[in-house]
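Student: Below is model.pdb; it holds PDB, C-alpha atoms.
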ATOM      1  CA  MET A   1      26.672  18.877  67.696
ATOM      2  CA  THR A   2      23.265  17.586  66.636
ATOM      3  CA  GLU A   3      20.263  19.704  67.566
ATOM      4  CA  ILE A   4      17.311  18.169  69.401
ATOM      5  CA  GLY A   5      14.887  19.446  66.755
ATOM      6  CA  GLU A   6      16.852  17.607  64.049
ATOM      7  CA  ILE A   7      16.628  14.334  65.959
ATOM      8  CA  PHE A   8      12.881  14.655  66.389
ATOM      9  CA  GLN A   9      12.517  15.542  62.677
ATOM     10  CA  ARG A  10      14.408  12.369  61.747
ATOM     11  CA  ILE A  11      12.263  10.287  64.106
ATOM     12  CA  SER A  12       9.129  11.835  62.601
ATOM     13  CA  GLY A  13      10.330  11.018  59.081
ATOM     14  CA  LYS A  14      11.047   7.422  60.030
ATOM     15  CA  LEU A  15       7.615   7.049  61.646
ATOM     16  CA  LYS A  16       5.897   8.377  58.519
ATOM     17  CA  ALA A  17       7.999   6.199  56.211
ATOM     18  CA  ASP A  18       7.479   3.032  58.255
ATOM     19  CA  PRO A  19       4.754   3.092  60.943
ATOM     20  CA  SER A  20       5.535  -0.578  61.695
ATOM     21  CA  LEU A  21       8.659   0.587  63.584
ATOM     22  CA  THR A  22       6.476   1.137  66.644
ATOM     23  CA  LYS A  23       5.185  -2.473  66.490
ATOM     24  CA  GLY A  24       1.664  -1.637  67.664
ATOM     25  CA  LEU A  25       2.894   0.482  70.562
ATOM     26  CA  ALA A  26       0.394   3.235  71.366
ATOM     27  CA  ALA A  27       1.815   5.741  73.838
ATOM     28  CA  VAL A  28       2.590   9.381  74.529
ATOM     29  CA  TYR A  29       6.193  10.018  75.553
ATOM     30  CA  GLN A  30       7.158  13.445  76.818
ATOM     31  CA  PHE A  31      10.765  14.602  76.842
ATOM     32  CA  GLN A  32      11.604  17.570  79.074
ATOM     33  CA  PHE A  33      15.050  19.066  78.793
ATOM     34  CA  HIS A  34      16.128  20.854  81.928
ATOM     35  CA  ASP A  35      18.974  22.676  80.164
ATOM     36  CA  ASP A  36      16.493  25.056  78.486
ATOM     37  CA  GLY A  37      13.030  23.924  79.623
ATOM     38  CA  SER A  38      11.975  22.724  76.166
ATOM     39  CA  VAL A  39       9.377  19.968  75.791
ATOM     40  CA  PHE A  40       8.813  17.502  72.956
ATOM     41  CA  GLN A  41       6.272  14.730  72.691
ATOM     42  CA  LEU A  42       6.579  11.505  70.744
ATOM     43  CA  ILE A  43       2.984  10.440  70.129
ATOM     44  CA  LEU A  44       2.816   6.856  68.906
ATOM     45  CA  ASN A  45      -0.468   5.884  67.314
ATOM     46  CA  GLY A  46       0.246   3.730  64.240
ATOM     47  CA  GLU A  47      -0.018   5.739  61.011
ATOM     48  CA  ASN A  48      -1.046   8.805  63.033
ATOM     49  CA  SER A  49       2.216   8.892  65.011
ATOM     50  CA  ARG A  50       3.787  12.323  65.268
ATOM     51  CA  ILE A  51       6.127  14.681  67.104
ATOM     52  CA  GLU A  52       4.923  17.794  68.944
ATOM     53  CA  LYS A  53       7.166  20.595  70.215
ATOM     54  CA  LYS A  54       4.890  21.181  73.204
ATOM     55  CA  GLU A  55       2.668  19.266  75.584
ATOM     56  CA  ALA A  56      -0.144  18.398  73.162
ATOM     57  CA  GLU A  57      -1.524  15.313  74.885
ATOM     58  CA  SER A  58      -1.415  13.889  78.383
ATOM     59  CA  PRO A  59       1.850  11.892  78.587
ATOM     60  CA  GLN A  60       1.950   8.332  79.855
ATOM     61  CA  CYS A  61       5.715   8.480  80.309
ATOM     62  CA  THR A  62       7.745  11.640  80.932
ATOM     63  CA  LEU A  63      11.529  11.662  80.762
ATOM     64  CA  VAL A  64      13.471  14.587  82.214
ATOM     65  CA  MET A  65      17.132  14.855  81.188
ATOM     66  CA  THR A  66      19.728  17.000  79.474
ATOM     67  CA  LYS A  67      19.751  17.389  75.715
ATOM     68  CA  GLU A  68      23.243  15.901  75.556
ATOM     69  CA  ASP A  69      22.127  12.711  77.315
ATOM     70  CA  PHE A  70      19.099  12.439  75.022
ATOM     71  CA  ILE A  71      21.247  12.797  71.915
ATOM     72  CA  ARG A  72      23.686  10.166  73.154
ATOM     73  CA  MET A  73      20.811   7.806  74.020
ATOM     74  CA  THR A  74      19.196   8.126  70.573
ATOM     75  CA  GLU A  75      22.571   7.531  68.921
ATOM     76  CA  GLY A  76      23.057   4.364  70.984
ATOM     77  CA  ASN A  77      26.071   5.799  72.820
ATOM     78  CA  LEU A  78      24.443   5.949  76.247
ATOM     79  CA  ASN A  79      22.480   3.292  78.106
ATOM     80  CA  GLY A  80      19.184   4.669  79.409
ATOM     81  CA  THR A  81      19.148   2.349  82.407
ATOM     82  CA  LYS A  82      22.591   3.517  83.518
ATOM     83  CA  VAL A  83      21.604   7.182  83.120
ATOM     84  CA  PHE A  84      18.458   6.543  85.172
ATOM     85  CA  MET A  85      20.358   4.698  87.907
ATOM     86  CA  SER A  86      22.897   7.542  88.115
ATOM     87  CA  GLY A  87      20.064  10.038  88.691
ATOM     88  CA  ARG A  88      20.705  11.994  85.476
ATOM     89  CA  LEU A  89      17.398  10.774  84.010
ATOM     90  CA  LYS A  90      14.104  11.181  85.866
ATOM     91  CA  ILE A  91      11.094   9.154  84.747
ATOM     92  CA  LYS A  92       7.498   9.935  85.647
ATOM     93  CA  GLY A  93       4.651   7.627  84.729
ATOM     94  CA  ASP A  94       4.777   4.211  83.083
ATOM     95  CA  MET A  95       8.199   2.664  83.691
ATOM     96  CA  GLY A  96       7.387  -0.166  81.262
ATOM     97  CA  LEU A  97       7.060   2.351  78.436
ATOM     98  CA  ALA A  98      10.373   3.906  79.428
ATOM     99  CA  LEU A  99      12.046   0.510  79.134
ATOM    100  CA  LYS A 100      10.681   0.080  75.597
ATOM    101  CA  LEU A 101      12.333   3.314  74.462
ATOM    102  CA  GLN A 102      15.790   1.810  74.075
ATOM    103  CA  ASP A 103      14.422  -0.806  71.643
ATOM    104  CA  LEU A 104      12.428   1.866  69.843
ATOM    105  CA  PHE A 105      15.502   4.081  69.375
ATOM    106  CA  ALA A 106      17.430   1.019  68.152
ATOM    107  CA  SER A 107      14.744   0.327  65.517
ATOM    108  CA  PHE A 108      14.942   3.978  64.372
ATOM    109  CA  ARG A 109      18.731   3.679  64.037
ATOM    110  CA  LYS A 110      18.389   0.395  62.136
ATOM    111  CA  ALA A 111      15.858   2.018  59.760
ATOM    112  CA  ALA A 112      18.304   4.870  59.166
ATOM    113  CA  ASN A 113      21.139   2.497  58.351
ATOM    114  CA  GLY A 114      19.101  -0.106  56.489
TER     115      GLY A 114
END
Go through the file and emit its structure as structure tokens.
Tutor:
Amino acid sequence: MTEIGEIFQRISGKLKADPSLTKGLAAVYQFQFHDDGSVFQLILNGENSRIEKKEAESPQCTLVMTKEDFIRMTEGNLNGTKVFMSGRLKIKGDMGLALKLQDLFASFRKAANG
């Protein structure tokens, strides 16, 4: 099974290789995994986008879920809206940013395959 750290490393690599993947989106996403309490941040700021393995900045959108659900969402095998509606995903902060995540993950997958 894929490790969370590996996924964030891949996302970081894709952001560095092609900052246009975020299409001008400036935001701080925080991912909290309740299976082990770990926290990652996806900080989107054009060419200065990065991943942090801690709470480095104040998040605008926090997603609380299991690692398994996160992995399945980033792979495109799980619909974020359905996970949210089932109560397995909790969102704090800007719901609009949360909705943009599915498209963002899709652009990362497309970059990986393209």
Student: For each of A:Asp35, A:Phe8, A:Lys14, A:Gln30, take the minimum atom-to-atom distance to Lys110 of chain A, counting only C-alpha atoms, then give the residue where this is smallest.
Tutor: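 Smallest distance to Lys110 of chain A is found for A:Lys14.
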Student: So, counting all atoms listed in the file, which residue among A:Thr62, A:Ser38, A:Ala111, A:Glu68 is closest to Asp94 of chain A?
Tutor: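 Using all atoms listed in the file, Asp94 of chain A sits closest to A:Thr62.
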Student: I'd like the contact shell of Val39 of chain A - 6 Å cut-off, only C-alpha atoms, skipping same-chain residues fewer than 6 positions apart - returned as a list in words.
Tutor: Phe31, Gln32 and Lys54 of chain A
Student: Take the selection from the previous step and output its residues with C-alpha atoms, as a compact mmCIF listing (two decimals), in the coordinates of the input.
Tutor:
# COMPACT_ATOMS: atom_id res chain seq x y z
CA PHE A 31 10.76 14.60 76.84
CA GLN A 32 11.60 17.57 79.07
CA LYS A 54 4.89 21.18 73.20
Student: Evaluate the PyMOL selection byres ((chain A and resi 22) around 12) and record the selected residues as a ChimeraX atom specification, following the chain and residue labels used in the document.
Tutor: /A:11-12,14-21,23-27,42-50,97,100-108,111
Student: What's the separation between atom CA of Ile71 of chain A and atom CA of Phe33 of chain A, in Å to one decimal place?
Tutor: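 If I compute the distance from atom CA of Ile71 of chain A to atom CA of Phe33 of chain A, I get 11.2 Å.
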Student: Run the PyMOL selection byres ((chain A and resi 91) around 8) mentally over the shown coordinates, then write out the matched residues as a PyMOL selection string, using the chain letters and numbers from the document.
Tutor: chain A and resi 61-64+84+89-90+92-93+95+98
Student: Rounded to one decimal place, report the atom CA of Leu78 of chain A-atom CA of Ser58 of chain A distance in Å.
Tutor: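 Between these atoms lies a distance of 27.1 Å.
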Student: Go through A:Ala112, A:His34, A:Val28, A:Gln41 and flag the residue nearest Glu75 of chain A, using only C-alpha atoms for the distances.
Tutor: A:Ala112
